[in-house]
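Text of entry.pdb (PDB, C-alpha atoms) as supplied:
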ATOM      1  CA  MET I 266      23.864 -10.268   4.212
ATOM      2  CA  ASN I 267      22.292  -6.805   4.121
ATOM      3  CA  HIS I 268      23.504  -4.932   1.020
ATOM      4  CA  GLU I 269      21.939  -1.570   1.908
ATOM      5  CA  PRO I 270      24.535   1.189   2.404
ATOM      6  CA  ASP I 271      24.728   2.350   5.998
ATOM      7  CA  TRP I 272      23.480   5.861   5.148
ATOM      8  CA  GLU I 273      20.384   4.392   3.513
ATOM      9  CA  ARG I 274      19.582   2.276   6.561
ATOM     10  CA  ARG I 275      20.036   5.232   8.901
ATOM     11  CA  LEU I 276      17.927   7.515   6.704
ATOM     12  CA  ALA I 277      15.173   4.909   6.449
ATOM     13  CA  ASP I 278      15.120   4.431  10.231
ATOM     14  CA  ALA I 279      15.045   8.198  10.790
ATOM     15  CA  LEU I 280      12.164   8.697   8.364
ATOM     16  CA  LYS I 281      10.161   5.862   9.885
ATOM     17  CA  SER I 282      10.667   7.394  13.319
ATOM     18  CA  VAL I 283       9.797  10.939  12.191
ATOM     19  CA  ALA I 284       6.708   9.708  10.360
ATOM     20  CA  ARG I 285       5.196   8.414  13.611
ATOM     21  CA  ARG I 286       5.699  11.670  15.556
ATOM     22  CA  PRO I 287       2.544  13.804  15.741
ATOM     23  CA  ASP I 288       4.574  16.859  16.794
ATOM     24  CA  VAL I 289       6.561  16.748  13.546
ATOM     25  CA  LYS I 290       3.415  16.273  11.479
ATOM     26  CA  SER I 291       1.749  19.175  13.291
ATOM     27  CA  PHE I 292       4.776  21.392  12.699
ATOM     28  CA  VAL I 293       4.703  20.609   8.964
ATOM     29  CA  GLU I 294       0.985  21.341   8.710
ATOM     30  CA  GLN I 295       1.336  24.644  10.585
ATOM     31  CA  THR I 296       4.343  25.867   8.594
ATOM     32  CA  PRO I 297       2.977  26.970   5.190
ATOM     33  CA  TRP I 298       6.282  27.200   3.293
ATOM     34  CA  LEU I 299       7.406  23.761   4.516
ATOM     35  CA  TYR I 300       3.987  22.242   3.884
ATOM     36  CA  GLN I 301       4.016  23.489   0.283
ATOM     37  CA  LEU I 302       7.540  22.211  -0.341
ATOM     38  CA  LEU I 303       6.811  18.734   0.964
ATOM     39  CA  ARG I 304       3.496  18.594  -0.870
ATOM     40  CA  ARG I 305       5.417  19.105  -4.136
ATOM     41  CA  ALA I 306       7.490  16.025  -3.299
ATOM     42  CA  ALA I 307       4.388  14.058  -2.315
ATOM     43  CA  ARG I 308       2.724  14.899  -5.648
ATOM     44  CA  GLN I 309       4.968  12.330  -7.307
ATOM     45  CA  TYR I 310       3.448   9.535  -5.224
ATOM     46  CA  VAL I 311      -0.005  10.835  -4.196
ATOM     47  CA  ALA I 312      -2.626  11.634  -6.841
ATOM     48  CA  GLY I 313      -3.885  14.646  -4.893
ATOM     49  CA  GLU I 314      -5.815  15.669  -1.806
ATOM     50  CA  GLU I 315      -9.351  15.209  -3.167
ATOM     51  CA  ARG I 316     -11.349  12.144  -4.199
ATOM     52  CA  ARG I 317     -11.631  13.453  -7.758
ATOM     53  CA  ASP I 318      -7.821  13.474  -7.984
ATOM     54  CA  GLY I 319      -7.638   9.793  -7.126
ATOM     55  CA  LEU I 320     -10.504   8.804  -9.401
ATOM     56  CA  ASP I 321      -9.077  10.774 -12.316
ATOM     57  CA  ALA I 322      -5.666   9.119 -11.962
ATOM     58  CA  ALA I 323      -7.285   5.686 -11.697
ATOM     59  CA  GLY I 324      -9.413   6.350 -14.772
ATOM     60  CA  LYS I 325      -6.403   7.373 -16.864
ATOM     61  CA  LEU I 326      -4.462   4.267 -15.894
ATOM     62  CA  ALA I 327      -7.456   1.983 -16.402
ATOM     63  CA  ASP I 328      -7.802   3.380 -19.929
ATOM     64  CA  MET I 329      -4.158   2.416 -20.551
ATOM     65  CA  GLY I 330      -4.882  -1.193 -19.581
ATOM     66  CA  TYR I 331      -3.674  -1.218 -15.985
ATOM     67  CA  ARG I 332      -5.597  -2.630 -13.074
ATOM     68  CA  THR I 333      -5.891  -0.109 -10.259
ATOM     69  CA  SER I 334      -6.327   0.085  -6.514
ATOM     70  CA  LEU I 335      -7.418   3.268  -4.786
ATOM     71  CA  GLU I 336      -6.722   4.282  -1.182
ATOM     72  CA  TYR I 337      -7.971   7.255   0.816
ATOM     73  CA  ILE I 338      -4.934   7.860   3.029
ATOM     74  CA  GLY I 339      -5.360   7.800   6.787
ATOM     75  CA  GLU I 340      -4.582   5.773   9.883
ATOM     76  CA  ASN I 341      -4.621   5.816  13.679
ATOM     77  CA  THR I 342      -7.843   7.818  13.765
ATOM     78  CA  MET I 343      -8.764   8.280  17.423
ATOM     79  CA  ASP I 344     -12.214   9.881  17.180
ATOM     80  CA  ARG I 345     -15.393   7.888  16.458
ATOM     81  CA  ALA I 346     -16.903  10.618  14.325
ATOM     82  CA  ALA I 347     -13.706  10.868  12.267
ATOM     83  CA  CYS I 348     -13.705   7.083  11.764
ATOM     84  CA  GLN I 349     -17.297   7.239  10.552
ATOM     85  CA  ALA I 350     -16.406  10.139   8.238
ATOM     86  CA  ALA I 351     -13.514   8.150   6.768
ATOM     87  CA  ALA I 352     -15.834   5.199   6.130
ATOM     88  CA  GLU I 353     -18.355   7.490   4.432
ATOM     89  CA  GLU I 354     -15.602   8.868   2.184
ATOM     90  CA  LEU I 355     -14.623   5.314   1.248
ATOM     91  CA  LYS I 356     -18.261   4.398   0.516
ATOM     92  CA  THR I 357     -18.637   7.414  -1.741
ATOM     93  CA  MET I 358     -15.411   6.543  -3.516
ATOM     94  CA  ILE I 359     -16.647   2.980  -4.093
ATOM     95  CA  ARG I 360     -19.899   4.294  -5.581
ATOM     96  CA  GLU I 361     -18.013   6.655  -7.881
ATOM     97  CA  LEU I 362     -15.452   4.158  -9.234
ATOM     98  CA  ASN I 363     -17.427   3.649 -12.468
ATOM     99  CA  GLY I 364     -14.763   1.515 -14.096
ATOM    100  CA  ALA I 365     -11.854   3.614 -12.808
ATOM    101  CA  GLY I 366     -10.786   0.743 -10.555
ATOM    102  CA  ASP I 367     -11.949  -2.479  -9.004
ATOM    103  CA  ARG I 368     -10.187  -2.444  -5.638
ATOM    104  CA  VAL I 369     -10.335  -0.133  -2.619
ATOM    105  CA  CYS I 370      -7.614  -0.297   0.036
ATOM    106  CA  PHE I 371      -7.456   1.157   3.546
ATOM    107  CA  ASP I 372      -6.052   0.787   7.043
ATOM    108  CA  LEU I 373      -8.397  -0.618   9.675
ATOM    109  CA  SER I 374      -7.039   1.994  12.087
ATOM    110  CA  HIS I 375      -8.542   4.636   9.772
ATOM    111  CA  ILE I 376     -12.034   3.273  10.403
ATOM    112  CA  GLY I 377     -11.926   2.465  14.093
ATOM    113  CA  LEU I 378      -9.314  -0.098  15.089
ATOM    114  CA  SER I 379      -7.494   2.449  17.283
ATOM    115  CA  VAL I 380     -10.770   3.320  19.017
ATOM    116  CA  ASP I 381     -12.736   0.100  19.293
ATOM    117  CA  THR I 382     -12.402  -3.218  17.464
ATOM    118  CA  ASP I 383     -16.172  -3.618  17.180
ATOM    119  CA  LEU I 384     -16.401  -0.216  15.476
ATOM    120  CA  ALA I 385     -13.771  -1.238  12.924
ATOM    121  CA  TYR I 386     -15.623  -4.482  12.227
ATOM    122  CA  ARG I 387     -18.991  -2.743  11.817
ATOM    123  CA  LEU I 388     -17.633  -0.157   9.407
ATOM    124  CA  LEU I 389     -15.692  -2.813   7.500
ATOM    125  CA  THR I 390     -18.882  -4.798   6.899
ATOM    126  CA  GLU I 391     -20.661  -1.642   5.727
ATOM    127  CA  LEU I 392     -17.853  -1.066   3.231
ATOM    128  CA  ALA I 393     -18.037  -4.705   2.128
ATOM    129  CA  GLU I 394     -21.749  -4.339   1.383
ATOM    130  CA  GLU I 395     -21.094  -1.202  -0.661
ATOM    131  CA  ALA I 396     -18.266  -2.934  -2.530
ATOM    132  CA  ARG I 397     -20.434  -5.988  -3.210
ATOM    133  CA  ARG I 398     -23.056  -3.807  -4.873
ATOM    134  CA  ALA I 399     -20.355  -2.108  -6.954
ATOM    135  CA  GLU I 400     -18.674  -5.438  -7.803
ATOM    136  CA  ALA I 401     -15.479  -4.130  -6.266
ATOM    137  CA  GLU I 402     -12.950  -5.685  -3.937
ATOM    138  CA  LEU I 403     -11.736  -4.433  -0.566
ATOM    139  CA  LEU I 404      -8.180  -4.978   0.554
ATOM    140  CA  ILE I 405      -7.089  -4.334   4.121
ATOM    141  CA  SER I 406      -3.614  -2.894   4.529
ATOM    142  CA  MET I 407      -1.227  -4.174   7.187
ATOM    143  CA  GLU I 408       0.128  -1.853   9.865
ATOM    144  CA  GLU I 409       2.689  -2.114  12.676
ATOM    145  CA  SER I 410       3.201  -5.581  14.137
ATOM    146  CA  ALA I 411       1.582  -4.503  17.422
ATOM    147  CA  LYS I 412      -1.734  -4.373  15.511
ATOM    148  CA  THR I 413      -1.307  -7.526  13.440
ATOM    149  CA  ASP I 414      -3.313  -9.892  15.655
ATOM    150  CA  ARG I 415      -6.278  -7.508  15.848
ATOM    151  CA  ILE I 416      -6.170  -6.782  12.120
ATOM    152  CA  LEU I 417      -6.174 -10.487  11.276
ATOM    153  CA  ASP I 418      -8.969 -11.182  13.767
ATOM    154  CA  VAL I 419     -11.216  -8.516  12.241
ATOM    155  CA  TYR I 420     -10.300  -9.660   8.741
ATOM    156  CA  ARG I 421     -11.099 -13.327   9.418
ATOM    157  CA  GLN I 422     -14.432 -12.471  11.008
ATOM    158  CA  ALA I 423     -15.503 -10.245   8.114
ATOM    159  CA  ALA I 424     -14.056 -12.427   5.335
ATOM    160  CA  SER I 425     -16.119 -15.371   6.577
ATOM    161  CA  ARG I 426     -19.182 -13.373   5.463
ATOM    162  CA  TYR I 427     -17.783 -11.371   2.564
ATOM    163  CA  PRO I 428     -15.595 -13.074  -0.050
ATOM    164  CA  ASN I 429     -14.711  -9.693  -1.579
ATOM    165  CA  ILE I 430     -12.278  -8.793   1.247
ATOM    166  CA  GLY I 431      -8.538  -9.409   0.946
ATOM    167  CA  ILE I 432      -5.587  -8.857   3.281
ATOM    168  CA  THR I 433      -1.998  -7.595   3.114
ATOM    169  CA  LEU I 434       0.904  -9.538   4.649
ATOM    170  CA  GLN I 435       4.399  -8.204   5.362
ATOM    171  CA  ALA I 436       7.291 -10.463   4.386
ATOM    172  CA  HIS I 437       9.789  -8.887   6.787
ATOM    173  CA  LEU I 438       7.900 -10.051   9.895
ATOM    174  CA  HIS I 439       9.071 -13.408  11.235
ATOM    175  CA  ARG I 440       5.485 -14.348  12.090
ATOM    176  CA  THR I 441       4.128 -13.990   8.542
ATOM    177  CA  ARG I 442       4.841 -17.526   7.357
ATOM    178  CA  GLN I 443       2.588 -18.843  10.125
ATOM    179  CA  ASP I 444      -0.028 -16.146   9.508
ATOM    180  CA  LEU I 445      -0.199 -17.240   5.869
ATOM    181  CA  ALA I 446      -0.496 -20.882   6.861
ATOM    182  CA  ASP I 447      -3.391 -19.975   9.153
ATOM    183  CA  LEU I 448      -5.231 -18.444   6.176
ATOM    184  CA  SER I 449      -4.788 -21.470   3.923
ATOM    185  CA  HIS I 450      -8.262 -22.878   4.613
ATOM    186  CA  SER I 451     -10.018 -19.906   2.996
ATOM    187  CA  PRO I 452      -8.336 -18.706  -0.216
ATOM    188  CA  ARG I 453      -8.755 -14.976  -0.846
ATOM    189  CA  ARG I 454      -6.810 -12.116  -2.363
ATOM    190  CA  ILE I 455      -3.502 -11.667  -0.542
ATOM    191  CA  ARG I 456      -1.192  -8.745  -1.209
ATOM    192  CA  ILE I 457       2.394  -9.473  -0.187
ATOM    193  CA  VAL I 458       4.676  -6.525   0.584
ATOM    194  CA  LYS I 459       8.175  -6.410   2.036
ATOM    195  CA  GLY I 460       7.075  -4.144   4.911
ATOM    196  CA  ALA I 461       7.805  -0.481   5.598
ATOM    197  CA  PHE I 462       7.369  -0.138   9.375
ATOM    198  CA  ARG I 463      10.152   0.115  11.909
ATOM    199  CA  GLU I 464       9.719  -2.948  14.126
ATOM    200  CA  PRO I 465      11.195  -4.015  17.482
ATOM    201  CA  GLU I 466      14.494  -5.841  17.204
ATOM    202  CA  GLY I 467      14.081  -9.552  16.652
ATOM    203  CA  GLN I 468      10.636  -9.330  15.022
ATOM    204  CA  ALA I 469      11.596  -8.559  11.434
ATOM    205  CA  LEU I 470      14.288  -8.970   8.790
ATOM    206  CA  PRO I 471      16.059  -5.905   7.351
ATOM    207  CA  ARG I 472      16.178  -5.309   3.612
ATOM    208  CA  SER I 473      18.492  -8.068   2.442
ATOM    209  CA  ALA I 474      18.905 -11.100   0.213
ATOM    210  CA  ALA I 475      17.336 -13.128   3.035
ATOM    211  CA  LEU I 476      14.235 -10.952   2.891
ATOM    212  CA  ASN I 477      14.001 -11.422  -0.874
ATOM    213  CA  ASP I 478      14.227 -15.198  -0.407
ATOM    214  CA  ARG I 479      11.495 -15.113   2.215
ATOM    215  CA  TYR I 480       9.321 -12.929  -0.010
ATOM    216  CA  LEU I 481       9.567 -15.454  -2.844
ATOM    217  CA  GLU I 482       8.790 -18.316  -0.463
ATOM    218  CA  LEU I 483       5.652 -16.539   0.740
ATOM    219  CA  VAL I 484       4.455 -15.870  -2.809
ATOM    220  CA  HIS I 485       5.052 -19.511  -3.702
ATOM    221  CA  ASP I 486       3.168 -20.718  -0.620
ATOM    222  CA  ALA I 487       0.253 -18.322  -1.194
ATOM    223  CA  ILE I 488      -0.160 -19.430  -4.818
ATOM    224  CA  ARG I 489       0.101 -23.092  -3.826
ATOM    225  CA  GLN I 490      -2.625 -22.555  -1.199
ATOM    226  CA  GLY I 491      -4.963 -21.224  -3.897
ATOM    227  CA  HIS I 492      -4.930 -17.529  -3.038
ATOM    228  CA  HIS I 493      -5.036 -14.808  -5.659
ATOM    229  CA  VAL I 494      -1.739 -13.063  -5.053
ATOM    230  CA  SER I 495      -0.702  -9.456  -5.588
ATOM    231  CA  ILE I 496       3.094  -9.418  -5.851
ATOM    232  CA  ALA I 497       3.577  -5.906  -4.473
ATOM    233  CA  THR I 498       7.172  -4.941  -5.168
ATOM    234  CA  HIS I 499       9.384  -2.838  -7.422
ATOM    235  CA  ASP I 500      12.359  -5.147  -6.868
ATOM    236  CA  GLU I 501      13.376  -6.358 -10.318
ATOM    237  CA  GLN I 502      15.149  -9.421  -8.922
ATOM    238  CA  ILE I 503      11.893 -10.611  -7.366
ATOM    239  CA  ILE I 504       9.860  -9.660 -10.443
ATOM    240  CA  ASN I 505      12.190 -11.492 -12.807
ATOM    241  CA  GLU I 506      12.193 -14.564 -10.587
ATOM    242  CA  ALA I 507       8.386 -14.573 -10.428
ATOM    243  CA  ILE I 508       8.288 -14.496 -14.224
ATOM    244  CA  ARG I 509      10.932 -17.211 -14.504
ATOM    245  CA  ARG I 510       8.946 -19.481 -12.190
ATOM    246  CA  GLY I 511       5.787 -18.978 -14.249
ATOM    247  CA  TRP I 512       3.717 -17.592 -11.403
ATOM    248  CA  LEU I 513       1.953 -15.110 -13.692
ATOM    249  CA  ASP I 514       0.904 -17.780 -16.205
ATOM    250  CA  ALA I 515      -1.954 -19.361 -14.261
ATOM    251  CA  GLY I 516      -4.021 -16.184 -13.916
ATOM    252  CA  ASN I 517      -4.083 -16.015 -10.121
ATOM    253  CA  ALA I 518      -1.173 -13.584  -9.640
ATOM    254  CA  GLU I 519      -0.444 -10.005 -10.654
ATOM    255  CA  PHE I 520       2.258  -7.397 -10.181
ATOM    256  CA  ASP I 521       1.236  -4.558  -7.885
ATOM    257  CA  MET I 522       3.211  -1.303  -7.999
ATOM    258  CA  LEU I 523       2.821   2.012  -6.202
ATOM    259  CA  TYR I 524       1.703   5.082  -8.133
ATOM    260  CA  GLY I 525       4.678   7.142  -9.246
ATOM    261  CA  PHE I 526       7.207   4.374  -8.603
ATOM    262  CA  ARG I 527       9.007   2.934 -11.621
ATOM    263  CA  PRO I 528       6.377   3.708 -14.275
ATOM    264  CA  ASP I 529       8.971   2.584 -16.827
ATOM    265  CA  LEU I 530       9.050  -0.885 -15.284
ATOM    266  CA  ALA I 531       5.249  -1.048 -14.967
ATOM    267  CA  ALA I 532       4.872  -0.110 -18.645
ATOM    268  CA  LYS I 533       7.469  -2.683 -19.695
ATOM    269  CA  LEU I 534       5.669  -5.443 -17.809
ATOM    270  CA  ARG I 535       2.285  -4.356 -19.123
ATOM    271  CA  ALA I 536       3.597  -4.283 -22.715
ATOM    272  CA  ALA I 537       4.916  -7.829 -22.221
ATOM    273  CA  GLY I 538       1.394  -8.963 -21.365
ATOM    274  CA  PHE I 539       1.692  -9.325 -17.608
ATOM    275  CA  PRO I 540      -1.147  -8.110 -15.379
ATOM    276  CA  VAL I 541      -0.015  -4.929 -13.603
ATOM    277  CA  ARG I 542      -1.951  -3.107 -10.909
ATOM    278  CA  ILE I 543      -1.126   0.452  -9.887
ATOM    279  CA  TYR I 544      -1.826   1.358  -6.255
ATOM    280  CA  ILE I 545      -3.068   4.977  -6.168
ATOM    281  CA  THR I 546      -3.502   7.104  -3.059
ATOM    282  CA  TYR I 547      -5.192  10.417  -2.385
ATOM    283  CA  GLY I 548      -6.061  12.511   0.664
ATOM    284  CA  GLN I 549      -4.655  15.133   2.989
ATOM    285  CA  GLU I 550      -2.757  12.690   5.226
ATOM    286  CA  TRP I 551       0.110  12.424   2.745
ATOM    287  CA  PHE I 552       2.997  13.294   5.101
ATOM    288  CA  LEU I 553       3.270   9.827   6.652
ATOM    289  CA  TYR I 554       2.881   8.218   3.235
ATOM    290  CA  LEU I 555       5.705  10.323   1.766
ATOM    291  CA  CYS I 556       8.054   9.456   4.636
ATOM    292  CA  HIS I 557       7.377   5.737   4.238
ATOM    293  CA  ARG I 558       7.870   5.800   0.473
ATOM    294  CA  ILE I 559      11.288   7.442   0.795
ATOM    295  CA  ALA I 560      12.184   5.135   3.691
ATOM    296  CA  GLU I 561      11.405   2.101   1.506
ATOM    297  CA  TYR I 562      13.864   3.338  -1.112
ATOM    298  CA  PRO I 563      16.103   6.146   0.241
ATOM    299  CA  PRO I 564      17.462   7.191  -3.192
ATOM    300  CA  HIS I 565      13.975   8.601  -3.801
ATOM    301  CA  LEU I 566      15.133  11.407  -1.510
ATOM    302  CA  TYR I 567      17.015  12.858  -4.498
ATOM    303  CA  ARG I 568      13.786  12.951  -6.523
ATOM    304  CA  ALA I 569      11.937  14.537  -3.588
ATOM    305  CA  VAL I 570      14.530  17.305  -3.294
ATOM    306  CA  ALA I 571      14.415  17.929  -7.049
ATOM    307  CA  ASP I 572      10.613  18.137  -6.967
ATOM    308  CA  MET I 573      10.710  20.592  -4.065
ATOM    309  CA  ALA I 574      13.228  22.784  -5.883
ATOM    310  CA  GLY I 575      11.709  22.525  -9.339
ATOM    311  CA  GLY I 576       8.157  23.707  -8.780
ATOM    312  CA  GLU I 577       4.951  21.855  -9.601
ATOM    313  CA  ALA I 578       5.615  18.288 -10.752
ATOM    314  CA  ALA I 579       4.135  16.863 -13.934
ATOM    315  CA  ASP I 580       1.173  14.500 -13.709
ATOM    316  CA  PRO I 581       2.794  11.136 -12.743
ATOM    317  CA  SER I 582       0.175   9.183 -14.699
ATOM    318  CA  LEU I 583       1.594  10.608 -17.933
ATOM    319  CA  ALA I 584       4.787   8.609 -17.444
ATOM    320  CA  TYR I 585       2.836   5.349 -17.781
ATOM    321  CA  GLU I 586       1.380   6.458 -21.098
ATOM    322  CA  LEU I 587       4.574   7.939 -22.495
ATOM    323  CA  GLN I 588       6.505   4.758 -21.786
ATOM    324  CA  THR I 589       4.013   2.659 -23.777
ATOM    325  CA  GLN I 590       3.979   4.762 -26.930
TER     326      GLN I 590
END

Translate this file's structure into structure tokens.
Amino acid sequence: MNHEPDWERRLADALKSVARRPDVKSFVEQTPWLYQLLRRAARQYVAGEERRDGLDAAGKLADMGYRTSLEYIGENTMDRAACQAAAEELKTMIRELNGAGDRVCFDLSHIGLSVDTDLAYRLLTELAEEARRAEAELLISMEESAKTDRILDVYRQAASRYPNIGITLQAHLHRTRQDLADLSHSPRRIRIVKGAFREPEGQALPRSAALNDRYLELVHDAIRQGHHVSIATHDEQIINEAIRRGWLDAGNAEFDMLYGFRPDLAAKLRAAGFPVRIYITYGQEWFLYLCHRIAEYPPHLYRAVADMAGGEAADPSLAYELQTQ
């Protein structure tokens, strides 16, 4: 049974649809007053538009005892030069981590998948070399189901050469149980998310108790197969069940939470001794990210409206520190 109120489902579907429309994105970018309002809302969930913003946020959280991941936002890049530029930005970020984080995340479509699969593979291996030298880990994000086969193909090919590459799997897709089984022969880092994309009917579960059950099954299977698992959720029912089952005791699992989301819960888990990773994003392509974050949890719309009306938001990283004092 799906327990989401109807208005939340309709809002989530609308935001997912709007987020994929380039005309809407273009309108926002070309309308200064609207751009500034929405950027205030995005500030709660995005560290900033520049690399230094992301690194600074990661450094603050690392000093508090959190693990961190850092992503330069972008996807569906259709120009080769822009794909190369995105890869160069990621390389520079890897070189400048300096203890601020140990994981870099990105979409393959940001570095070439939407242009040419071979380009995405070449740039991925360049990033893997840079990460190897920095003793950092790469983690490939998952995108719409139409890209899943190509993403997994590129991942498998690169991961056979570079053990420092991990992959994200989406629990809501019906295919994911088999995808996980197909990865069982080569344990790596796997980040399991519920899934934020609007998918064709019949390919995915909605937010529901059934999805929570499937999520837990996937985490169990991934741990049993020997993967290092990032339990990427803010759902306290799932988190409490993971603790109850002892999945965090063996050292091969961690909680993974998005920057700006439930810092109170992250701090509580960290204070209890559980490994908690904060997933930090930066960059100018924040519009899509903001839409997806509200779509994942529609009540965040209230916070977004308050941020737009209330002026410049406080530094979200402060909430993690204040909750631990």

Task: Residues within 12 Å of Leu384 (chain I), only C-alpha atoms, excluding chain neighbours under 4 positions, as JSON, numbers by chain - done: {"I": [342, 343, 344, 345, 346, 347, 348, 349, 352, 373, 374, 375, 376, 377, 378, 379, 380, 388, 389, 390, 391, 419]}

Would you save the residues of that selection, restricted to C-alpha atoms, as a tab-separated table (two decimals), keeping the file's coordinate frame?
chain	number	residue	atom	x	y	z
I	342	THR	CA	-7.84	7.82	13.76
I	343	MET	CA	-8.76	8.28	17.42
I	344	ASP	CA	-12.21	9.88	17.18
I	345	ARG	CA	-15.39	7.89	16.46
I	346	ALA	CA	-16.90	10.62	14.32
I	347	ALA	CA	-13.71	10.87	12.27
I	348	CYS	CA	-13.70	7.08	11.76
I	349	GLN	CA	-17.30	7.24	10.55
I	352	ALA	CA	-15.83	5.20	6.13
I	373	LEU	CA	-8.40	-0.62	9.68
I	374	SER	CA	-7.04	1.99	12.09
I	375	HIS	CA	-8.54	4.64	9.77
I	376	ILE	CA	-12.03	3.27	10.40
I	377	GLY	CA	-11.93	2.46	14.09
I	378	LEU	CA	-9.31	-0.10	15.09
I	379	SER	CA	-7.49	2.45	17.28
I	380	VAL	CA	-10.77	3.32	19.02
I	388	LEU	CA	-17.63	-0.16	9.41
I	389	LEU	CA	-15.69	-2.81	7.50
I	390	THR	CA	-18.88	-4.80	6.90
I	391	GLU	CA	-20.66	-1.64	5.73
I	419	VAL	CA	-11.22	-8.52	12.24

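Considering only C-alpha atoms, the residue among I:Ile504, I:Thr357, I:Ala469, I:Gln549 positioned nearest to Leu530 (chain I) is I:Ile504.
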
Taking the file above as input, evaluate the PyMOL selection byres ((chain I and resi 334) around 10) and report the hits as a PDB file with C-alpha atoms, in the coordinates of the input.
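Saved result, expr32.pdb, follows:
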ATOM      1  CA  GLY I 319      -7.638   9.793  -7.126  1.00  0.00           C
ATOM      2  CA  ALA I 323      -7.285   5.686 -11.697  1.00  0.00           C
ATOM      3  CA  TYR I 331      -3.674  -1.218 -15.985  1.00  0.00           C
ATOM      4  CA  ARG I 332      -5.597  -2.630 -13.074  1.00  0.00           C
ATOM      5  CA  THR I 333      -5.891  -0.109 -10.259  1.00  0.00           C
ATOM      6  CA  LEU I 335      -7.418   3.268  -4.786  1.00  0.00           C
ATOM      7  CA  GLU I 336      -6.722   4.282  -1.182  1.00  0.00           C
ATOM      8  CA  ALA I 365     -11.854   3.614 -12.808  1.00  0.00           C
ATOM      9  CA  GLY I 366     -10.786   0.743 -10.555  1.00  0.00           C
ATOM     10  CA  ASP I 367     -11.949  -2.479  -9.004  1.00  0.00           C
ATOM     11  CA  ARG I 368     -10.187  -2.444  -5.638  1.00  0.00           C
ATOM     12  CA  VAL I 369     -10.335  -0.133  -2.619  1.00  0.00           C
ATOM     13  CA  CYS I 370      -7.614  -0.297   0.036  1.00  0.00           C
ATOM     14  CA  GLU I 402     -12.950  -5.685  -3.937  1.00  0.00           C
ATOM     15  CA  LEU I 403     -11.736  -4.433  -0.566  1.00  0.00           C
ATOM     16  CA  LEU I 404      -8.180  -4.978   0.554  1.00  0.00           C
ATOM     17  CA  ASP I 521       1.236  -4.558  -7.885  1.00  0.00           C
ATOM     18  CA  MET I 522       3.211  -1.303  -7.999  1.00  0.00           C
ATOM     19  CA  LEU I 523       2.821   2.012  -6.202  1.00  0.00           C
ATOM     20  CA  TYR I 524       1.703   5.082  -8.133  1.00  0.00           C
ATOM     21  CA  ARG I 542      -1.951  -3.107 -10.909  1.00  0.00           C
ATOM     22  CA  ILE I 543      -1.126   0.452  -9.887  1.00  0.00           C
ATOM     23  CA  TYR I 544      -1.826   1.358  -6.255  1.00  0.00           C
ATOM     24  CA  ILE I 545      -3.068   4.977  -6.168  1.00  0.00           C
ATOM     25  CA  THR I 546      -3.502   7.104  -3.059  1.00  0.00           C
TER      26      THR I 546
END

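Candidate residues I:Arg472, I:Arg360, I:His492, I:Arg453 were compared for distance to Arg398 (chain I), and the nearest is I:Arg360, using only C-alpha atoms.
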
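Distances to Leu470 (chain I) were evaluated for I:His439, I:Arg426, I:Arg527, I:Lys356 using only C-alpha atoms, and the minimum falls at I:His439.
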
Open item on the list: as a VMD selection string, please: the residues near Thr413 (chain I) (cut-off 10 Å, only C-alpha atoms, same-chain neighbours under 5 positions excluded).
Closed with: chain I and resid 407 to 408 418 434 to 435 440 to 441 444

Just need the box for region 433-445 of chain I, edges along x, y and z, holding every atom the file lists for it with 3 Å tacked onto each side, so centre and edge lengths in Å to one decimal, as AutoDock Vina command-line options.
--center_x 3.9 --center_y -13.2 --center_z 7.6 --size_x 17.8 --size_y 17.2 --size_z 15.0

- [ ] Run the PyMOL selection byres ((chain I and resi 338) around 8) against the file shown and list the residues it catches, as number ranges by chain.
- [x] I: 336-337, 339-340, 371, 546-551, 554

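Closest approach to Arg509 (chain I) among I:Ala497, I:Leu481, I:Ile430, I:Ile488 is made by I:Leu481 (distances from only C-alpha atoms).
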
Open item on the list: To one decimal place in Å, what is the distance between CA of Trp512 (chain I) and CA of Ile405 (chain I)?
Closed with: 23.1 Å

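Evaluated against this file, the PyMOL selection byres ((chain I and resi 452) around 8) yields I:Leu448, I:Ser449, I:His450, I:Ser451, I:Arg453, I:Arg454, I:Gln490, I:Gly491, I:His492, I:His493.
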